[in-house]
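Worksheet: one structure, shown below.
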Amino acid sequence: GFGKAGYYYVRRAYSPILVSFKAMPDSSVELWLTNDTLSEVEDHLKVRLGTFEGEKIWEENLQAHASANSSLPVARWDANRVSGAPDRYLSVRSEHGRFPSNRHFFAAIKDLRRAPVEPAVDITQAGEHELQVRLEAPAYAFFVHLEVPHEATRFSDNYFDLEPGERRKISITHPRISLTPEMVEVRRR
């Protein structure tokens, strides 16, 4: 009855509005917008090519539109533009927060060239049964997750990546246990 890693991944993957990357056989990359809602969607997207160490190679702002119940490519970058390598990633996020951010790696996770990153963490008490956690990564932080030793603990989000400089605020709640900042462990891969 509590969210494990797969729960948070599936919650993002099955979002009614999803933007995802598709690697093409010629090493180009397409960006797809999937709209499973009954209304048309229009949003401003920010796409970034960066290195895991924190260098921004390029960033692009796009306007995307999809009619109800549709899925279509909204952008494409040739192999020279994306210059895929195991030390780089592509990311996309919604300017209005309409869909979860997404990323594309140019190699299998085991082959990525990245150093583990320790995000900066600030935990504050928001009530007897609630904590607010603020995280910020100096470089790309992969598979960041929070743990509390009580199974019924709820997290507003968990098991996510943080881009260099990205800040994220997570709420942790438990209906019966008094939570303290010392209970929280931040882990990453």
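Note on naming: chains are A, B, ... as they come in the structure tokens, residues start from 1 per chain, ligands start from 1 in the order shown.
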Counting only C-alpha atoms, what are the residues of region 52-135 of chain A within 12 Å of region 23-37 of chain A, and for each of them which pair of atoms is the nearest and at what distance in Å, to one decimal? Sort the table by chain and rising number, as a tab-separated table.
```
residue	atom	partner	partner_atom	distance
A:Leu62	CA	A:Leu31	CA	10.6
A:Gln63	CA	A:Leu33	CA	11.1
A:Ala64	CA	A:Leu33	CA	7.7
A:His65	CA	A:Leu33	CA	8.0
A:Ala66	CA	A:Asn35	CA	6.4
A:Ser67	CA	A:Asn35	CA	7.2
A:Ala68	CA	A:Thr37	CA	5.7
A:Asn69	CA	A:Asp36	CA	4.6
A:Ser70	CA	A:Asn35	CA	5.3
A:Ser71	CA	A:Thr34	CA	4.1
A:Leu72	CA	A:Trp32	CA	5.5
A:Pro73	CA	A:Trp32	CA	4.1
A:Val74	CA	A:Trp32	CA	5.7
A:Ala75	CA	A:Leu31	CA	5.1
A:Arg76	CA	A:Glu30	CA	4.3
A:Trp77	CA	A:Val29	CA	5.4
A:Asp78	CA	A:Ser28	CA	4.3
A:Ala79	CA	A:Ser28	CA	4.5
A:Asn80	CA	A:Ser28	CA	8.1
A:Arg81	CA	A:Ser28	CA	8.3
A:Val82	CA	A:Ser28	CA	7.2
A:Ser83	CA	A:Ser27	CA	8.8
A:Gly84	CA	A:Ser27	CA	8.0
A:Ala85	CA	A:Ser27	CA	11.0
A:Tyr89	CA	A:Val29	CA	11.6
A:Leu90	CA	A:Val29	CA	9.5
A:Ser91	CA	A:Leu31	CA	10.1
A:Val92	CA	A:Leu31	CA	8.8
A:Arg93	CA	A:Leu31	CA	11.5
A:Ser94	CA	A:Leu33	CA	11.1
A:Arg98	CA	A:Asn35	CA	10.8
A:Phe99	CA	A:Asn35	CA	10.0
A:Pro100	CA	A:Leu33	CA	11.9
A:Asn102	CA	A:Leu31	CA	10.4
A:Arg103	CA	A:Leu31	CA	10.5
A:His104	CA	A:Ala23	CA	8.6
A:Phe105	CA	A:Ala23	CA	9.7
A:Phe106	CA	A:Ala23	CA	8.7
A:Ala107	CA	A:Ala23	CA	11.0
```
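Taking the backbone of this structure through DSSP, the residues of region 14-84 of chain A that come out as alpha helix (DSSP H) are A:Ala79, A:Asn80, A:Arg81, A:Val82.
Ranking A:Pro181, A:Gly165, A:Gly1, A:Pro175 by their shortest atom-to-atom distance to Glu55 (chain A), with only C-alpha atoms included, puts A:Gly165 first.
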* Within region 41-72 of chain A, find each residue whose DSSP state, derived from the backbone, is strand (DSSP E), and express the selection as an NGL selection string. => :A and (41-51 or 56-66 or 70-72)
Please tabulate, as JSON lines, the residues of region 10-108 of chain A that come within 10 Å of region 115-126 of chain A, each with its closest pair of atoms and the distance in Å to one decimal, counting only C-alpha atoms and ordering rows by chain, then residue number upward.
```
{"residue": "A:Phe52", "atom": "CA", "partner": "A:Ala115", "partner_atom": "CA", "distance": 7.8}
{"residue": "A:Glu53", "atom": "CA", "partner": "A:Ala115", "partner_atom": "CA", "distance": 7.8}
{"residue": "A:Asp87", "atom": "CA", "partner": "A:Ala115", "partner_atom": "CA", "distance": 9.8}
```
* Can you pull out every residue within 10 Å of Phe142 (chain A), counting only C-alpha atoms, but drop anything in the same chain fewer than 2 positions away, and send it as a PyMOL selection string? => chain A and resi 52+109+114-118+137+139-140+144-145+159-163+187-189
Dump of C-alpha atoms for the selected residues, as a PDB file, in the first residue's frame:
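Writing done, so here's selection29.pdb:
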```pdb
ATOM      1  CA  PHE A  52      26.400  14.828 -16.481  1.00  0.00           C
ATOM      2  CA  ILE A 109      22.623   3.149 -17.896  1.00  0.00           C
ATOM      3  CA  ARG A 114      28.996   9.969 -14.823  1.00  0.00           C
ATOM      4  CA  ALA A 115      30.152  10.345 -11.264  1.00  0.00           C
ATOM      5  CA  PRO A 116      27.674   9.840  -8.407  1.00  0.00           C
ATOM      6  CA  VAL A 117      26.404  13.213  -7.191  1.00  0.00           C
ATOM      7  CA  GLU A 118      25.397  14.145  -3.672  1.00  0.00           C
ATOM      8  CA  ALA A 137      22.002  18.992  -7.525  1.00  0.00           C
ATOM      9  CA  ALA A 139      25.615  18.004 -11.419  1.00  0.00           C
ATOM     10  CA  TYR A 140      23.282  15.350 -12.850  1.00  0.00           C
ATOM     11  CA  VAL A 144      17.510  10.180  -6.264  1.00  0.00           C
ATOM     12  CA  HIS A 145      15.199   8.705  -3.667  1.00  0.00           C
ATOM     13  CA  TYR A 159      12.862   8.052  -7.458  1.00  0.00           C
ATOM     14  CA  PHE A 160      13.664  10.863  -9.885  1.00  0.00           C
ATOM     15  CA  ASP A 161      16.633  12.468 -11.606  1.00  0.00           C
ATOM     16  CA  LEU A 162      17.829  16.008 -10.876  1.00  0.00           C
ATOM     17  CA  GLU A 163      19.490  18.067 -13.593  1.00  0.00           C
ATOM     18  CA  ARG A 187      20.064   8.023  -1.677  1.00  0.00           C
ATOM     19  CA  ARG A 188      21.153   8.145  -5.305  1.00  0.00           C
ATOM     20  CA  ARG A 189      22.975   6.024  -7.853  1.00  0.00           C
TER      21      ARG A 189
END
```
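For the pair CA of Gly50 (chain A) and CA of Ser156 (chain A), the separation is 26.9 Å.
Each of A:Gly6, A:Arg88, A:Ser39, A:His96 was checked against Trp58 (chain A) using only C-alpha atoms; the smallest atom-to-atom distance is that of A:Arg88.
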Could you give me, as a compact mmCIF listing (two decimals) with N, CA, C and O atoms, in the first residue's frame, the residues within 12 Å of Asn158 (chain A), counting only C-alpha atoms and dropping anything in the same chain fewer than 4 positions from it?
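Okay, this is what ended up in part_37.txt:
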```txt
# COMPACT_ATOMS: atom_id res chain seq x y z
N PHE A 2 2.14 1.18 -0.33
CA PHE A 2 2.95 2.40 -0.39
C PHE A 2 3.78 2.37 -1.68
O PHE A 2 4.03 1.32 -2.25
N GLY A 3 4.17 3.55 -2.14
CA GLY A 3 4.84 3.69 -3.43
C GLY A 3 6.29 3.23 -3.41
O GLY A 3 7.10 3.76 -2.66
N LYS A 4 6.61 2.26 -4.25
CA LYS A 4 7.98 1.83 -4.44
C LYS A 4 8.50 2.49 -5.72
O LYS A 4 7.79 3.25 -6.37
N ALA A 5 9.74 2.19 -6.10
CA ALA A 5 10.35 2.82 -7.27
C ALA A 5 9.48 2.69 -8.52
O ALA A 5 9.26 3.65 -9.25
N GLY A 6 8.96 1.50 -8.77
CA GLY A 6 8.15 1.26 -9.96
C GLY A 6 6.89 2.11 -9.98
O GLY A 6 6.44 2.55 -11.04
N TYR A 7 6.30 2.34 -8.83
CA TYR A 7 5.08 3.16 -8.75
C TYR A 7 5.34 4.57 -9.29
O TYR A 7 4.58 5.09 -10.11
N TYR A 8 6.43 5.19 -8.83
CA TYR A 8 6.71 6.56 -9.25
C TYR A 8 7.08 6.62 -10.74
O TYR A 8 6.70 7.55 -11.44
N TYR A 9 7.79 5.61 -11.22
CA TYR A 9 8.14 5.57 -12.65
C TYR A 9 6.87 5.42 -13.49
O TYR A 9 6.67 6.15 -14.46
N VAL A 10 6.00 4.50 -13.11
CA VAL A 10 4.77 4.26 -13.88
C VAL A 10 3.86 5.47 -13.81
O VAL A 10 3.22 5.84 -14.80
N ARG A 11 3.80 6.13 -12.66
CA ARG A 11 2.96 7.34 -12.53
C ARG A 11 3.40 8.40 -13.54
O ARG A 11 2.56 9.05 -14.16
N ARG A 12 4.72 8.55 -13.73
CA ARG A 12 5.21 9.51 -14.73
C ARG A 12 4.96 9.00 -16.14
O ARG A 12 4.53 9.74 -17.02
N VAL A 133 11.19 18.57 2.11
CA VAL A 133 12.58 18.33 1.73
C VAL A 133 12.86 19.13 0.47
O VAL A 133 12.12 19.02 -0.52
N LEU A 135 15.76 19.75 -2.40
CA LEU A 135 16.95 19.13 -2.97
C LEU A 135 17.47 19.99 -4.11
O LEU A 135 16.68 20.58 -4.86
N PHE A 142 21.34 10.99 -10.55
CA PHE A 142 20.53 9.92 -11.11
C PHE A 142 19.84 9.13 -10.01
O PHE A 142 20.45 8.77 -9.00
N PHE A 143 18.54 8.85 -10.20
CA PHE A 143 17.77 7.96 -9.35
C PHE A 143 17.81 8.38 -7.87
O PHE A 143 18.06 7.58 -6.97
N VAL A 144 17.56 9.66 -7.63
CA VAL A 144 17.51 10.18 -6.26
C VAL A 144 16.24 9.66 -5.60
O VAL A 144 15.16 9.69 -6.19
N HIS A 145 16.38 9.15 -4.39
CA HIS A 145 15.20 8.71 -3.67
C HIS A 145 15.37 8.93 -2.17
O HIS A 145 16.47 8.93 -1.65
N LEU A 146 14.23 9.18 -1.56
CA LEU A 146 14.17 9.45 -0.12
C LEU A 146 13.64 8.22 0.58
O LEU A 146 12.75 7.53 0.07
N GLU A 147 14.18 7.95 1.76
CA GLU A 147 13.70 6.81 2.54
C GLU A 147 13.45 7.24 3.98
O GLU A 147 14.18 8.05 4.53
N VAL A 148 12.38 6.69 4.54
CA VAL A 148 12.02 6.85 5.94
C VAL A 148 11.71 5.44 6.44
O VAL A 148 11.11 4.65 5.71
N THR A 153 4.76 5.64 5.04
CA THR A 153 5.14 7.01 4.74
C THR A 153 4.81 7.32 3.28
O THR A 153 5.04 6.51 2.39
N ARG A 154 4.29 8.51 3.04
CA ARG A 154 3.92 8.96 1.68
C ARG A 154 4.86 10.07 1.25
O ARG A 154 5.22 10.94 2.04
N LEU A 162 17.71 14.56 -11.01
CA LEU A 162 17.83 16.01 -10.88
C LEU A 162 18.88 16.49 -11.87
O LEU A 162 19.99 15.97 -11.90
N ARG A 168 14.17 20.84 -6.30
CA ARG A 168 12.91 20.13 -6.17
C ARG A 168 12.48 20.10 -4.72
O ARG A 168 13.30 19.95 -3.83
N LYS A 169 11.17 20.25 -4.49
CA LYS A 169 10.62 20.23 -3.14
C LYS A 169 9.70 19.01 -3.03
O LYS A 169 8.81 18.80 -3.87
N ILE A 170 9.94 18.19 -2.02
CA ILE A 170 9.18 16.97 -1.79
C ILE A 170 8.52 17.04 -0.42
O ILE A 170 9.16 17.41 0.56
N SER A 171 7.25 16.66 -0.36
CA SER A 171 6.54 16.56 0.92
C SER A 171 6.53 15.11 1.35
O SER A 171 6.27 14.21 0.55
N ILE A 172 6.82 14.91 2.62
CA ILE A 172 6.79 13.57 3.21
C ILE A 172 5.76 13.61 4.33
O ILE A 172 5.81 14.48 5.20
N VAL A 186 18.67 10.30 2.13
CA VAL A 186 18.65 10.62 0.70
C VAL A 186 19.65 9.70 0.03
O VAL A 186 20.83 9.67 0.41
N ARG A 187 19.19 8.95 -0.95
CA ARG A 187 20.06 8.02 -1.68
C ARG A 187 20.04 8.36 -3.16
O ARG A 187 19.14 9.02 -3.64
N ARG A 188 21.06 7.93 -3.86
CA ARG A 188 21.15 8.15 -5.31
C ARG A 188 22.08 7.08 -5.86
O ARG A 188 22.77 6.39 -5.13
```
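Counting only C-alpha atoms, Ile177 (chain A) has the following residues at most 9 Å away, ignoring those fewer than 5 positions along the same chain: Glu128, His129, His150 and Thr153 of chain A.
Atom pair CA of Leu49 (chain A) / CA of Ala108 (chain A) has a distance of 17.1 Å (rounded to one decimal).
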* **Between CA of Leu112 (chain A) and CA of Thr51 (chain A) - distance in Å to one decimal** => 10.7 Å
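Restricting the calculation to only C-alpha atoms, the smallest distance between Gly127 (chain A) and any of A:Glu42, A:Val47, A:His174, A:Val184 is found for A:His174.
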